[in-house]
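Source file: coords.cif. Holds: mmCIF, C-alpha atoms.
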data_target
#
loop_
_atom_site.label_atom_id
_atom_site.label_comp_id
_atom_site.auth_asym_id
_atom_site.auth_seq_id
_atom_site.Cartn_x
_atom_site.Cartn_y
_atom_site.Cartn_z
CA MET A 1 172.86 -154.46 16.42
CA THR A 2 170.17 -154.03 13.77
CA ALA A 3 169.27 -150.64 12.33
CA GLY A 4 166.74 -148.71 14.36
CA ARG A 5 167.51 -150.74 17.47
CA THR A 6 169.36 -149.42 20.48
CA LYS A 7 170.07 -150.48 24.00
CA LEU A 8 168.68 -149.06 27.20
CA SER A 9 172.14 -148.33 28.58
CA GLN A 10 172.83 -145.89 25.76
CA HIS A 11 170.09 -143.59 27.11
CA VAL A 12 170.76 -143.84 30.84
CA PRO A 13 173.89 -142.77 32.74
CA ARG A 14 175.94 -145.90 33.43
CA ALA A 15 175.73 -145.62 37.24
CA SER A 16 171.96 -145.16 37.22
CA PHE A 17 171.47 -147.94 34.70
CA SER A 18 173.59 -150.37 36.69
CA VAL A 19 171.56 -149.81 39.84
CA MET A 20 168.27 -150.23 37.96
CA SER A 21 169.47 -153.30 36.09
CA ASP A 22 170.91 -154.97 39.18
CA ALA A 23 167.69 -154.38 41.12
CA ILE A 24 165.52 -156.28 38.65
CA GLN A 25 167.83 -158.90 37.17
CA SER A 26 166.47 -161.31 39.78
CA LEU A 27 163.05 -161.11 38.04
CA LYS A 28 164.27 -162.84 34.87
CA GLY A 29 162.17 -165.93 34.26
CA VAL A 30 160.01 -165.27 37.33
CA HIS A 31 156.20 -165.24 37.26
CA PHE A 32 154.61 -161.97 38.39
CA VAL A 33 151.62 -163.04 40.45
CA SER A 34 151.34 -160.55 43.33
CA THR A 35 153.09 -157.42 44.54
CA ASP A 36 154.31 -158.92 47.81
CA GLN A 37 156.66 -161.27 45.96
CA LEU A 38 158.83 -158.22 45.22
CA SER A 39 161.53 -156.87 47.48
CA LYS A 40 161.66 -153.12 47.98
CA GLU A 41 164.61 -152.96 45.58
CA GLU A 42 162.81 -154.98 42.91
CA LEU A 43 159.65 -152.90 43.23
CA GLN A 44 161.58 -149.65 42.94
CA GLY A 45 163.60 -151.07 40.06
CA LEU A 46 160.42 -151.78 38.10
CA LEU A 47 159.12 -148.28 38.85
CA ASP A 48 162.42 -146.75 37.72
CA LEU A 49 162.34 -148.75 34.50
CA SER A 50 158.72 -147.72 33.91
CA LYS A 51 159.72 -144.09 34.33
CA TYR A 52 162.58 -144.56 31.88
CA TYR A 53 160.30 -146.09 29.27
CA LYS A 54 157.79 -143.27 29.65
CA GLU A 55 160.47 -140.62 29.20
CA THR A 56 162.16 -142.42 26.31
CA TYR A 57 159.21 -143.48 24.18
CA LYS A 58 157.36 -140.17 24.63
CA ALA A 59 160.41 -138.13 23.63
CA LYS A 60 160.37 -136.90 20.06
CA GLY A 61 163.07 -138.09 17.71
CA GLY A 62 165.96 -140.44 18.29
CA LEU A 63 166.21 -144.20 18.24
CA LYS A 64 163.89 -146.09 20.56
CA PRO A 65 164.84 -149.32 22.31
CA LYS A 66 163.34 -152.53 20.90
CA PRO A 67 164.24 -155.01 23.64
CA LEU A 68 161.42 -157.43 22.79
CA GLU A 69 162.21 -157.74 19.10
CA GLY A 70 161.37 -161.30 18.11
CA ASP A 71 159.33 -161.98 21.24
CA SER A 72 155.59 -162.62 21.52
CA MET A 73 153.06 -162.50 24.33
CA ALA A 74 149.88 -164.56 24.65
CA MET A 75 147.21 -162.41 26.35
CA ILE A 76 144.44 -164.52 27.88
CA PHE A 77 141.32 -162.49 28.71
CA GLN A 78 138.49 -164.18 30.58
CA LYS A 79 137.41 -160.69 31.69
CA ARG A 80 137.30 -157.75 29.29
CA SER A 81 139.29 -154.58 29.94
CA THR A 82 139.99 -151.40 27.99
CA ARG A 83 143.18 -150.39 29.80
CA THR A 84 144.78 -153.81 30.17
CA ARG A 85 144.35 -154.80 26.55
CA VAL A 86 145.25 -151.49 24.95
CA SER A 87 148.17 -150.72 27.25
CA THR A 88 149.69 -154.17 26.82
CA GLU A 89 149.24 -154.50 23.06
CA THR A 90 150.55 -150.99 22.47
CA GLY A 91 153.45 -151.27 24.89
CA ILE A 92 154.68 -154.63 23.61
CA ALA A 93 154.49 -153.33 20.01
CA MET A 94 156.50 -150.24 20.96
CA MET A 95 159.23 -152.53 22.32
CA GLY A 96 159.33 -154.51 19.08
CA GLY A 97 157.31 -157.51 20.25
CA HIS A 98 153.93 -158.94 19.31
CA ALA A 99 151.00 -159.37 21.69
CA LEU A 100 148.28 -161.86 20.71
CA PHE A 101 144.80 -161.33 22.19
CA LEU A 102 142.96 -164.51 23.22
CA GLY A 103 139.41 -163.76 24.36
CA PRO A 104 136.73 -166.14 25.63
CA SER A 105 135.71 -167.01 22.06
CA ASP A 106 139.31 -167.75 21.10
CA ILE A 107 140.37 -169.90 24.02
CA GLN A 108 138.25 -171.66 26.64
CA LEU A 109 140.70 -171.73 29.48
CA GLY A 110 140.30 -174.89 31.52
CA VAL A 111 137.08 -175.89 29.67
CA ASN A 112 137.78 -177.74 26.43
CA GLU A 113 141.47 -177.96 27.25
CA SER A 114 143.01 -178.29 30.68
CA MET A 115 144.86 -175.37 32.23
CA ARG A 116 148.00 -177.49 32.30
CA ASP A 117 147.82 -178.26 28.58
CA THR A 118 147.02 -174.64 27.71
CA ALA A 119 150.04 -173.44 29.68
CA LEU A 120 152.33 -175.98 28.05
CA VAL A 121 151.07 -175.30 24.51
CA LEU A 122 151.26 -171.51 24.77
CA SER A 123 154.75 -171.83 26.23
CA ARG A 124 155.85 -173.47 22.97
CA PHE A 125 154.58 -170.55 20.89
CA ASN A 126 155.10 -167.49 23.06
CA SER A 127 157.85 -165.87 25.12
CA ILE A 128 155.51 -164.78 27.89
CA ILE A 129 151.89 -165.31 28.98
CA LEU A 130 149.64 -162.60 30.43
CA ALA A 131 146.29 -163.65 31.89
CA ARG A 132 143.28 -161.70 33.15
CA VAL A 133 141.02 -164.23 34.85
CA TYR A 134 138.23 -164.68 37.38
CA SER A 135 139.77 -167.15 39.81
CA HIS A 136 143.24 -166.76 41.24
CA ASN A 137 143.51 -170.55 41.06
CA ASP A 138 143.72 -170.20 37.27
CA ILE A 139 146.74 -167.92 37.59
CA ALA A 140 148.34 -170.31 40.06
CA GLU A 141 147.84 -173.27 37.72
CA LEU A 142 149.13 -171.39 34.68
CA ALA A 143 152.22 -170.39 36.66
CA LYS A 144 152.70 -173.96 37.87
CA TYR A 145 152.82 -175.47 34.40
CA ALA A 146 154.00 -172.70 32.05
CA THR A 147 157.63 -172.89 31.01
CA VAL A 148 157.71 -169.16 30.20
CA PRO A 149 157.02 -166.24 32.56
CA VAL A 150 153.39 -165.55 33.48
CA ILE A 151 151.94 -162.12 34.33
CA ASN A 152 148.83 -161.87 36.47
CA ALA A 153 146.86 -159.12 34.73
CA LEU A 154 144.03 -159.54 37.28
CA SER A 155 142.50 -162.29 39.36
CA ASP A 156 139.89 -162.22 42.09
CA LEU A 157 142.67 -162.02 44.67
CA HIS A 158 145.41 -159.86 43.15
CA HIS A 159 145.98 -157.05 40.63
CA PRO A 160 149.74 -156.38 40.75
CA LEU A 161 149.96 -154.44 37.48
CA GLN A 162 147.50 -151.88 38.83
CA SER A 163 149.55 -151.38 41.98
CA LEU A 164 152.64 -150.61 39.90
CA ALA A 165 150.74 -147.97 37.90
CA ASP A 166 149.33 -146.45 41.09
CA LEU A 167 152.71 -146.24 42.79
CA MET A 168 154.38 -144.85 39.67
CA THR A 169 151.72 -142.14 39.52
CA LEU A 170 152.26 -141.24 43.17
CA GLN A 171 156.03 -141.04 42.72
CA GLU A 172 155.56 -138.75 39.73
CA HIS A 173 153.42 -136.47 41.87
CA PHE A 174 155.07 -136.58 45.29
CA GLY A 175 158.62 -137.61 44.41
CA LYS A 176 160.40 -140.93 44.66
CA ASP A 177 160.32 -141.17 48.46
CA LEU A 178 156.76 -142.02 49.50
CA SER A 179 157.66 -143.16 53.00
CA GLY A 180 155.45 -141.55 55.62
CA LYS A 181 152.70 -140.69 53.13
CA THR A 182 149.25 -142.07 53.92
CA VAL A 183 147.07 -143.81 51.36
CA ALA A 184 143.40 -144.16 52.28
CA TRP A 185 141.21 -146.78 50.64
CA VAL A 186 137.44 -146.24 50.66
CA GLY A 187 135.33 -149.05 49.26
CA ASP A 188 135.33 -152.79 48.63
CA GLY A 189 138.09 -154.95 50.09
CA ASN A 190 139.02 -156.32 46.69
CA ASN A 191 141.99 -157.35 44.55
CA VAL A 192 142.95 -153.74 43.71
CA LEU A 193 143.11 -152.87 47.40
CA HIS A 194 145.16 -155.98 48.15
CA ASP A 195 148.04 -155.10 45.87
CA LEU A 196 147.90 -151.35 46.44
CA ALA A 197 148.17 -151.98 50.18
CA LEU A 198 151.01 -154.47 49.71
CA GLY A 199 152.98 -152.13 47.43
CA SER A 200 152.35 -149.09 49.60
CA ALA A 201 153.57 -150.97 52.68
CA ILE A 202 156.74 -152.07 50.89
CA LEU A 203 157.51 -148.42 50.08
CA GLY A 204 156.98 -147.35 53.70
CA MET A 205 153.58 -145.72 53.34
CA ASN A 206 150.82 -145.79 55.93
CA VAL A 207 147.70 -147.65 54.80
CA ASN A 208 144.20 -146.71 56.00
CA ILE A 209 141.39 -149.02 54.90
CA ALA A 210 137.66 -148.27 55.16
CA THR A 211 135.30 -151.06 54.07
CA PRO A 212 131.70 -151.79 55.06
CA ALA A 213 131.09 -154.73 57.38
CA GLY A 214 131.16 -157.91 55.35
CA PHE A 215 133.31 -156.42 52.60
CA GLU A 216 136.70 -156.45 54.33
CA CYS A 217 139.86 -157.41 52.49
CA ASN A 218 141.28 -160.92 52.63
CA PRO A 219 142.55 -161.53 56.19
CA THR A 220 145.67 -163.37 55.05
CA ILE A 221 146.63 -160.51 52.74
CA LEU A 222 145.84 -157.95 55.45
CA ALA A 223 148.19 -159.80 57.80
CA LYS A 224 150.90 -159.63 55.12
CA VAL A 225 150.30 -155.89 54.66
CA LYS A 226 150.75 -155.37 58.39
CA GLU A 227 153.92 -157.45 58.35
CA LEU A 228 155.38 -155.43 55.47
CA ALA A 229 154.34 -152.14 57.06
CA ALA A 230 156.11 -153.06 60.29
CA LYS A 231 159.21 -154.02 58.33
CA HIS A 232 159.33 -150.81 56.29
CA GLY A 233 158.21 -148.29 58.90
CA GLY A 234 154.54 -147.80 58.03
CA LYS A 235 151.27 -148.29 59.87
CA VAL A 236 147.98 -149.97 58.95
CA MET A 237 144.53 -148.90 60.13
CA THR A 238 141.19 -150.53 59.34
CA THR A 239 137.73 -149.08 59.92
CA SER A 240 134.18 -149.10 58.59
CA VAL A 241 133.97 -145.29 58.67
CA ALA A 242 135.13 -143.65 55.44
CA ALA A 243 135.87 -140.27 57.03
CA ASP A 244 138.13 -141.88 59.63
CA ALA A 245 140.26 -143.52 56.96
CA VAL A 246 140.51 -140.34 54.88
CA ALA A 247 141.40 -138.05 57.79
CA ASN A 248 144.81 -136.45 57.08
CA ALA A 249 145.48 -138.81 54.16
CA ASP A 250 147.71 -137.83 51.24
CA VAL A 251 146.04 -140.20 48.77
CA VAL A 252 142.39 -141.25 48.55
CA VAL A 253 141.56 -144.29 46.45
CA THR A 254 138.39 -146.12 45.52
CA ASP A 255 137.27 -148.65 42.95
CA THR A 256 134.09 -150.14 41.58
CA TRP A 257 131.68 -151.44 44.19
CA VAL A 258 130.35 -154.11 41.83
CA SER A 259 133.04 -156.04 39.99
CA MET A 260 132.49 -158.07 36.85
CA GLY A 261 130.62 -161.22 37.84
CA GLN A 262 128.89 -159.54 40.80
CA GLU A 263 126.08 -157.89 38.83
CA ALA A 264 123.39 -159.85 40.69
CA GLU A 265 124.58 -158.20 43.90
CA TYR A 266 124.23 -154.66 42.55
CA ALA A 267 121.31 -153.44 44.67
CA ALA A 268 122.61 -155.01 47.87
CA ARG A 269 126.09 -153.60 47.34
CA LEU A 270 124.84 -150.08 46.66
CA LYS A 271 122.97 -150.20 49.94
CA ALA A 272 125.99 -151.55 51.82
CA PHE A 273 128.27 -148.84 50.41
CA ASP A 274 125.96 -145.95 51.20
CA GLY A 275 128.13 -143.11 52.55
CA TYR A 276 131.28 -144.33 50.79
CA GLN A 277 131.13 -142.05 47.77
CA VAL A 278 134.31 -139.98 47.41
CA ASN A 279 133.02 -136.44 47.07
CA LYS A 280 134.20 -132.95 47.92
CA GLU A 281 133.06 -133.27 51.52
CA LEU A 282 134.97 -136.53 52.07
CA MET A 283 138.08 -135.19 50.32
CA SER A 284 138.02 -132.17 52.66
CA LYS A 285 138.93 -134.57 55.49
CA ALA A 286 142.22 -135.40 53.76
CA ASN A 287 145.33 -133.23 53.65
CA PRO A 288 144.89 -130.05 51.54
CA ASN A 289 147.22 -131.36 48.83
CA ALA A 290 145.77 -134.87 48.76
CA VAL A 291 145.25 -136.62 45.41
CA PHE A 292 142.63 -139.05 44.17
CA LEU A 293 143.10 -142.36 42.32
CA HIS A 294 140.67 -144.78 40.66
CA CYS A 295 141.72 -147.67 38.41
CA LEU A 296 138.67 -147.20 36.11
CA PRO A 297 136.08 -147.69 34.85
CA ARG A 298 134.33 -145.45 37.36
CA HIS A 299 130.69 -145.03 38.25
CA PRO A 300 129.18 -141.85 39.73
CA GLU A 301 128.08 -143.62 42.92
CA GLU A 302 131.75 -144.32 43.72
CA VAL A 303 133.15 -140.84 43.10
CA ALA A 304 131.48 -137.53 42.31
CA ASP A 305 132.41 -135.56 39.19
CA GLU A 306 133.57 -132.70 41.45
CA VAL A 307 136.44 -134.94 42.57
CA PHE A 308 136.93 -137.20 39.56
CA TYR A 309 137.51 -134.28 37.16
CA SER A 310 139.21 -132.00 39.68
CA PRO A 311 142.91 -131.02 39.78
CA GLN A 312 143.26 -133.47 42.68
CA SER A 313 142.44 -136.38 40.40
CA LEU A 314 145.35 -138.28 38.83
CA VAL A 315 143.19 -140.98 37.27
CA PHE A 316 144.25 -140.41 33.66
CA ASP A 317 147.96 -140.32 34.52
CA GLU A 318 147.29 -143.52 36.45
CA ALA A 319 145.60 -145.08 33.40
CA GLU A 320 148.48 -144.14 31.10
CA ASN A 321 151.01 -145.59 33.50
CA ARG A 322 149.43 -149.02 33.09
CA MET A 323 151.33 -149.18 29.80
CA TRP A 324 154.76 -148.17 31.01
CA THR A 325 154.61 -150.53 33.96
CA VAL A 326 153.54 -153.64 32.02
CA MET A 327 156.37 -152.90 29.59
CA ALA A 328 158.82 -152.86 32.48
CA VAL A 329 157.52 -156.12 33.91
CA ALA A 330 157.72 -157.95 30.58
CA ALA A 331 161.24 -156.70 29.85
CA ALA A 332 162.43 -157.67 33.32
CA GLN A 333 160.88 -161.15 33.14
CA LEU A 334 162.51 -161.80 29.79
CA GLY A 335 165.86 -160.44 30.98
CA LYS A 336 165.86 -157.90 28.16
CA VAL A 337 166.29 -154.66 30.05
CA GLU A 338 169.53 -154.00 28.20
#

Could you take the file, read its structure, and then write that structure out as structure tokens?
Amino acid sequence: MTAGRTKLSQHVPRASFSVMSDAIQSLKGVHFVSTDQLSKEELQGLLDLSKYYKETYKAKGGLKPKPLEGDSMAMIFQKRSTRTRVSTETGIAMMGGHALFLGPSDIQLGVNESMRDTALVLSRFNSIILARVYSHNDIAELAKYATVPVINALSDLHHPLQSLADLMTLQEHFGKDLSGKTVAWVGDGNNVLHDLALGSAILGMNVNIATPAGFECNPTILAKVKELAAKHGGKVMTTSVAADAVANADVVVTDTWVSMGQEAEYAARLKAFDGYQVNKELMSKANPNAVFLHCLPRHPEEVADEVFYSPQSLVFDEAENRMWTVMAVAAAQLGKVE
């Protein structure tokens, strides 16, 4: 073992480490495309590893694990992002690896070079590929042809890394057992909702969804959420009335109403989402100790300052946890937890 390098098991009691390691060893070499591909044990294993990394790397002094020493990650960004880029580059560096940013001016995914060829070429250079794209078909094609693990850092259908950060944040606040808690979504039926609902259902939470007519979540994904909820003891409710979804909820969540690429729809969307702002009045419908989440960036029409900057808001813990969770996913995919 090289100087300055240590193993995860040296910091975690053997029994606890064995359970965590066993739970996620099945993820070695596996693409991470959507939250529903995870079993409850795998999901919790990733959350446990994320918690370990947060505690270990934030602690002062002592040797820090470098499980990705000698590894590199290609980060494909069709869509810009503050949190995804900074959290991933920083986290991979902390673990001893190197993350290479490839923006639209660096790589024209599927334009001048086919998706298949891009996946095959990057697989020769890098240990892992992370991609933040517009179309989920791009993620599917990368995963089909890449010979190294692929991480979906966002597509128009799924955002699994965000769901991990959200669930980690909720476990930090409420405790590990989230079963029976109710998460209420108020807003667009988008990719963030899809994976939050899937992950919440796997952990036994109830899922309430309020979306305006015409902005519902994907029906296939909703059916999967209901299936997972039934399996794990939760319930799913859908409505077009924000207050009905928030009533007696433990967690209230919203997101941008106008995603990147939808700018032309701005005026129409603001009109459609009238009455969906998360403000003090809407939060009063939730349980007294309810918390608020938003994946950021936020806009005042989505959530009022009185909520966003209140003690109920966990948005900056949520943002930080994007780093610890992507670190856990990469380590698990590369089989370098220990």

In terms of the shortest atom-to-atom distance over all atoms listed in the file, which of A:Val121, A:Val148, A:Val111, A:Val251 is closest to A:Leu170? A:Val251

Atom CA of A:Pro297 to atom CA of A:Ser313 measures 14.1 Å

Result set, the PyMOL selection byres ((chain A and resi 244) around 12) on current file, as a list in words: Ala184, Trp185, Val186, Asn208, Ile209, Ala210, Thr211, Met237, Thr238, Thr239, Ser240, Val241, Ala242, Ala243, Ala245, Val246, Ala247, Asn248, Ala249, Val252, Tyr276, Leu282, Met283, Ser284, Lys285 and Ala286 of chain A

Report the residues retrieved by the PyMOL selection byres ((chain A and resi 139) around 12) from the displayed file, expressed as a PDB file with C-alpha atoms, keeping the file's coordinate frame.
ATOM      1  CA  HIS A  31     156.200-165.240  37.260  1.00  0.00           C
ATOM      2  CA  PHE A  32     154.610-161.970  38.390  1.00  0.00           C
ATOM      3  CA  VAL A  33     151.620-163.040  40.450  1.00  0.00           C
ATOM      4  CA  SER A  34     151.340-160.550  43.330  1.00  0.00           C
ATOM      5  CA  ILE A  76     144.440-164.520  27.880  1.00  0.00           C
ATOM      6  CA  PHE A  77     141.320-162.490  28.710  1.00  0.00           C
ATOM      7  CA  GLN A  78     138.490-164.180  30.580  1.00  0.00           C
ATOM      8  CA  LEU A 109     140.700-171.730  29.480  1.00  0.00           C
ATOM      9  CA  GLY A 110     140.300-174.890  31.520  1.00  0.00           C
ATOM     10  CA  MET A 115     144.860-175.370  32.230  1.00  0.00           C
ATOM     11  CA  ARG A 116     148.000-177.490  32.300  1.00  0.00           C
ATOM     12  CA  THR A 118     147.020-174.640  27.710  1.00  0.00           C
ATOM     13  CA  ALA A 119     150.040-173.440  29.680  1.00  0.00           C
ATOM     14  CA  ILE A 129     151.890-165.310  28.980  1.00  0.00           C
ATOM     15  CA  LEU A 130     149.640-162.600  30.430  1.00  0.00           C
ATOM     16  CA  ALA A 131     146.290-163.650  31.890  1.00  0.00           C
ATOM     17  CA  ARG A 132     143.280-161.700  33.150  1.00  0.00           C
ATOM     18  CA  VAL A 133     141.020-164.230  34.850  1.00  0.00           C
ATOM     19  CA  TYR A 134     138.230-164.680  37.380  1.00  0.00           C
ATOM     20  CA  SER A 135     139.770-167.150  39.810  1.00  0.00           C
ATOM     21  CA  HIS A 136     143.240-166.760  41.240  1.00  0.00           C
ATOM     22  CA  ASN A 137     143.510-170.550  41.060  1.00  0.00           C
ATOM     23  CA  ASP A 138     143.720-170.200  37.270  1.00  0.00           C
ATOM     24  CA  ALA A 140     148.340-170.310  40.060  1.00  0.00           C
ATOM     25  CA  GLU A 141     147.840-173.270  37.720  1.00  0.00           C
ATOM     26  CA  LEU A 142     149.130-171.390  34.680  1.00  0.00           C
ATOM     27  CA  ALA A 143     152.220-170.390  36.660  1.00  0.00           C
ATOM     28  CA  LYS A 144     152.700-173.960  37.870  1.00  0.00           C
ATOM     29  CA  TYR A 145     152.820-175.470  34.400  1.00  0.00           C
ATOM     30  CA  ALA A 146     154.000-172.700  32.050  1.00  0.00           C
ATOM     31  CA  PRO A 149     157.020-166.240  32.560  1.00  0.00           C
ATOM     32  CA  VAL A 150     153.390-165.550  33.480  1.00  0.00           C
ATOM     33  CA  ILE A 151     151.940-162.120  34.330  1.00  0.00           C
ATOM     34  CA  ASN A 152     148.830-161.870  36.470  1.00  0.00           C
ATOM     35  CA  ALA A 153     146.860-159.120  34.730  1.00  0.00           C
ATOM     36  CA  LEU A 154     144.030-159.540  37.280  1.00  0.00           C
ATOM     37  CA  SER A 155     142.500-162.290  39.360  1.00  0.00           C
ATOM     38  CA  ASP A 156     139.890-162.220  42.090  1.00  0.00           C
ATOM     39  CA  LEU A 157     142.670-162.020  44.670  1.00  0.00           C
ATOM     40  CA  HIS A 158     145.410-159.860  43.150  1.00  0.00           C
ATOM     41  CA  HIS A 159     145.980-157.050  40.630  1.00  0.00           C
TER      42      HIS A 159
END

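Of the residues under consideration (A:Val278, A:Val30, A:Val258, A:Met327), A:Met327 shows the shortest atom-to-atom contact distance to A:Ser87 when counting only C-alpha atoms.
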
Neighbourhood query: residues within 10 Å of (158.1, -150.2, 42.4), file coordinates, counting all atoms listed in the file; return as a count of residues only. 27

Please identify all polymer residues lying at most 10 Å from the point (141.1, -133.2, 41.4) (file coordinates), using all atoms listed in the file, and present the result as a PyMOL selection string. chain A and resi 280+283+289-293+305-315

Between A:Val326, A:Val86, A:Met94, A:Ile128, which has the minimum distance to A:Lys28 (counting all atoms listed in the file)?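 The closest residue to A:Lys28 is A:Ile128.
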
What is the atom CA of A:Pro65-atom CA of A:Gln162 distance in Å, reported with one decimal? 24.1 Å

Where does the PyMOL selection byres ((chain A and resi 100) around 12) land in this file, that is, which residues does it pick, as a ChimeraX atom specification? /A:71-77,85-86,88-90,92-93,97-99,101-103,106-107,122,125-131

Within 10 Å of A:Lys224, counting all atoms listed in the file, which residues qualify if same-chain residues fewer than 6 places away don't, as a list of chain:residue names?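 Final neighbour list, sorted by chain and number: A:Asp36, A:His194, A:Ala197, A:Leu198, A:Ala201, A:Ala230.
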
Using only C-alpha atoms, find the one residue out of A:Pro288, A:Phe316, A:Pro212, A:His299 that sits nearest to A:Ala272.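 With only C-alpha atoms as the atom set, the closest residue is A:Pro212.
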
Just give me the gap between atom CA of A:Arg298 and atom CA of A:Asp255 in Å, one decimal is fine. 7.1 Å

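With only C-alpha atoms as the atoms that count, the residue of A:Gly234, A:Gly275, A:Gly214, A:Pro219 with the shortest distance to A:Asp188 is A:Gly214.
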